[in-house]
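These notes concern the structure reproduced below.
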Amino acid sequence: DFLLIAVRDLLESRPDLKVVLMSATMEQDTFTRYFEDCGEVHIPGRTFPVTELFLEDVAPRLHDLGYVEALGPGFAAGGLGFGTWGDRGYEKSFKYQVLVSHFRCRDGLCGFGYNAGKRLAGKRLEEGLFLHDVLQQTKGVMYDLPIVEAVVFALAEGDDLI
């Protein structure tokens, strides 16, 4: 969304700039109204169903498929009592271990590798989601990209993840 705002503002100040926006799923009328006086090209084809998957749905399946390290230290530490959305508990202690004291730990999970193999469900999953969110707030997408990569690999290997 932010990028589209920036592009529209840039087009106003740079009339020599040309933008081609392509999508198989976008609402064409919305973009036509947003970018006034833009041309349209419609290439007929068929549409494909889109399934929305959320992290809470995908993480347990990736864990079961062996992508434990890709899920990162947030999910590895799930179930150890660092906190939840309702009780932030020992969130600062978790962040310190991940970002400072065990950042280069050999297990690739900031010292939480010993816990990573346990089943990812229930309270362990819930806390893992919270701790992953804590890391997103601190480090942006740094811990998301390996999960996206694992999803792509799992789909390429024929797993539907649901």
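How things are named: the first chain in the structure tokens is A, the next is B, and so on; residues count from 1 in each chain; ligands count from 1 in the order shown.
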List the neighbours of Phe103 (chain A) out to 12 Å using only C-alpha atoms; skip same-chain residues closer than 5 positions along the sequence, and give me the result as a JSON list (two decimals) with C-alpha atoms, in the first residue's frame.
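The new file part-v2.json reads:
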[["chain", "number", "residue", "atom", "x", "y", "z"],
["A", 72, "GLY", "CA", 13.43, -19.47, 14.10],
["A", 73, "PRO", "CA", 14.06, -18.90, 17.79],
["A", 94, "PHE", "CA", 13.94, -13.70, 25.54],
["A", 95, "LYS", "CA", 14.95, -10.72, 23.38],
["A", 96, "TYR", "CA", 18.28, -10.43, 25.21],
["A", 97, "GLN", "CA", 19.09, -14.10, 24.60],
["A", 98, "VAL", "CA", 18.13, -13.92, 20.91],
["A", 108, "GLY", "CA", 20.98, -21.74, 14.84],
["A", 109, "LEU", "CA", 18.12, -21.06, 17.25],
["A", 110, "CYS", "CA", 19.84, -18.79, 19.77],
["A", 111, "GLY", "CA", 20.21, -21.54, 22.35],
["A", 112, "PHE", "CA", 16.65, -22.83, 22.11]]
Contacts of Asp37 (chain A) at 12 Å (only C-alpha atoms; same-chain gap of 3+ positions) as JSON, numbers by chain: {"A": [8, 11, 12, 29, 31, 32, 33, 34, 40]}
Grab the residues selected above and save them as a CSV table (one decimal), in the first residue's frame with C-alpha atoms.
chain,number,residue,atom,x,y,z
A,8,ARG,CA,1.4,7.8,-7.4
A,11,LEU,CA,4.1,10.1,-11.1
A,12,GLU,CA,2.8,13.5,-10.4
A,29,ASP,CA,-11.4,-0.8,-11.3
A,31,PHE,CA,-6.4,0.8,-9.6
A,32,THR,CA,-8.0,2.6,-12.5
A,33,ARG,CA,-9.7,5.0,-10.1
A,34,TYR,CA,-6.5,5.4,-7.9
A,40,GLU,CA,-5.8,-0.5,-19.4
List the spatial neighbours of Leu65 (chain A) as a list in words - criterion: any atom at most 10 Å away, only C-alpha atoms, same-chain residues fewer than 6 positions off excluded.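 Final neighbour list, sorted by chain and number: Ala59, Ala150, Ala154, Asp159 and Leu161 of chain A.
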Excluding Leu129 (chain A) and any residue of its chain fewer than 2 positions from it, enumerate the residues within 8 Å of it, using only C-alpha atoms, and give them as number ranges by chain. A: 55-56, 74-75, 78, 125-127, 131-133
